[in-house]
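One structure is given below, encoded as structure tokens.
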Amino acid sequence: MAWNVLLAYIVVTEVILFVWIWWAFRFCGEGNSLISQVGLSTASPLRKCLFYLVVNGLMFIAAPFAVPIMIVSLRKCIGEELAENRKLQRMFQELLLDPLHPLNMPEELAAHIEEHLPAATAMGFESLGDYWLKDAPYNSKGRIFLSADSLAFAEIAVCLETYYCELVSFLEDGSIIGTVNAPHNENTNHLNEKGWYANYIGEADMLETIESHFKFIEEVSERSDQPLRKISRENWKAYYQYHNQKYGQVRFELGETDTPPVKCEFPTERTYTSLTELAPVS
């Protein structure tokens, strides 16, 4: 009985290691298989035969010992990855809104912006510039727009290596309405109760995202009996910071993050563009 168990263990480990080695030789290496990297694709038949004999011999000897080590290492890597993801999900980071120099614009992001820019321009959105949005680990950057009626921001950006288009609007009570062309499987009703209305529309282009957003803000405004707030062109950064802070505050109140934003104050409707406006009229 013990011999049968041992034999079965050896056979299973041999198969596992064989599949793993085959996969490594076949697919590893940024577009080139490991086989081509070691030169076997152009090697003589004798060299190929010797190579495979050596590999299979080492595999036969090492499999019963290597597979357990490989499994332990894999579990450790997966555990570390899951812990890192949990840490990332519970993190809140303030927006930077630092101007992004053209030399720091990644080619992929530039192409993403150029793809969706015509739709934003055609729908009357004005560019407010390119910005660093968040540092590592998010590494978020993109171009920000303001609609002609000042009711919505648009963002064409990248975050966590994911490229997206997003629109954001505000209700008069400080609630946020957001639309993003990304999939989402969770119910967002609990966010609505905290003043955050999320509209995930899955894969879509900029035009579809804009159209979906303006339809959504009308529905939310009617349902909540709150008018839409116009965004001050002179004070737009305060509004943009607030939409990120509001999201962080909502998630903190729901226990989804470990730290709240430093502040979360909805900008006042009246804004001043210079000190002269604060001076009393003589």
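The chains in the structure tokens are called A, B, ... from first to last as shown; in each chain the residues are counted from 1, and the ligands are counted from 1 in the order shown.
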
Contacts of A:Ile156 within 10 Å, only C-alpha atoms, excl. fewer than 5 positions in-chain, as a list in words: Leu109, Ala110, His112, Ile113, Glu114, Glu115, His116, Leu117, Ala120, Asp130, Lys141, Gly142, Arg143, Ile144, Phe145, Tyr163, Tyr164, Cys165, Glu166, Leu167 and Met206 of chain A

Counting only C-alpha atoms, which residues in stretch 241-261 of chain A sit no more than 12 Å from stretch 170-179 of chain A? For each one, give the nearest pair of atoms and the distance in Å, sorted by chain then residue number, as JSON lines.
```
{"residue": "A:Tyr242", "atom": "CA", "partner": "A:Gly174", "partner_atom": "CA", "distance": 9.2}
{"residue": "A:His243", "atom": "CA", "partner": "A:Ile176", "partner_atom": "CA", "distance": 6.6}
{"residue": "A:Asn244", "atom": "CA", "partner": "A:Ile176", "partner_atom": "CA", "distance": 9.6}
{"residue": "A:Gln245", "atom": "CA", "partner": "A:Ile176", "partner_atom": "CA", "distance": 10.6}
{"residue": "A:Lys246", "atom": "CA", "partner": "A:Ile176", "partner_atom": "CA", "distance": 7.7}
{"residue": "A:Tyr247", "atom": "CA", "partner": "A:Ile176", "partner_atom": "CA", "distance": 8.3}
{"residue": "A:Gly248", "atom": "CA", "partner": "A:Ile176", "partner_atom": "CA", "distance": 11.9}
{"residue": "A:Gln249", "atom": "CA", "partner": "A:Ser175", "partner_atom": "CA", "distance": 11.8}
{"residue": "A:Val250", "atom": "CA", "partner": "A:Ser175", "partner_atom": "CA", "distance": 10.5}
```

Spatial neighbours of A:Gln241, max dist 9 Å, only C-alpha atoms, sep filter under 5 positions, as number ranges by chain: A: 94-97, 236, 246, 264

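Atom to atom, atom CA of A:Pro99 and atom CA of A:Leu128 stand 10.1 Å apart.
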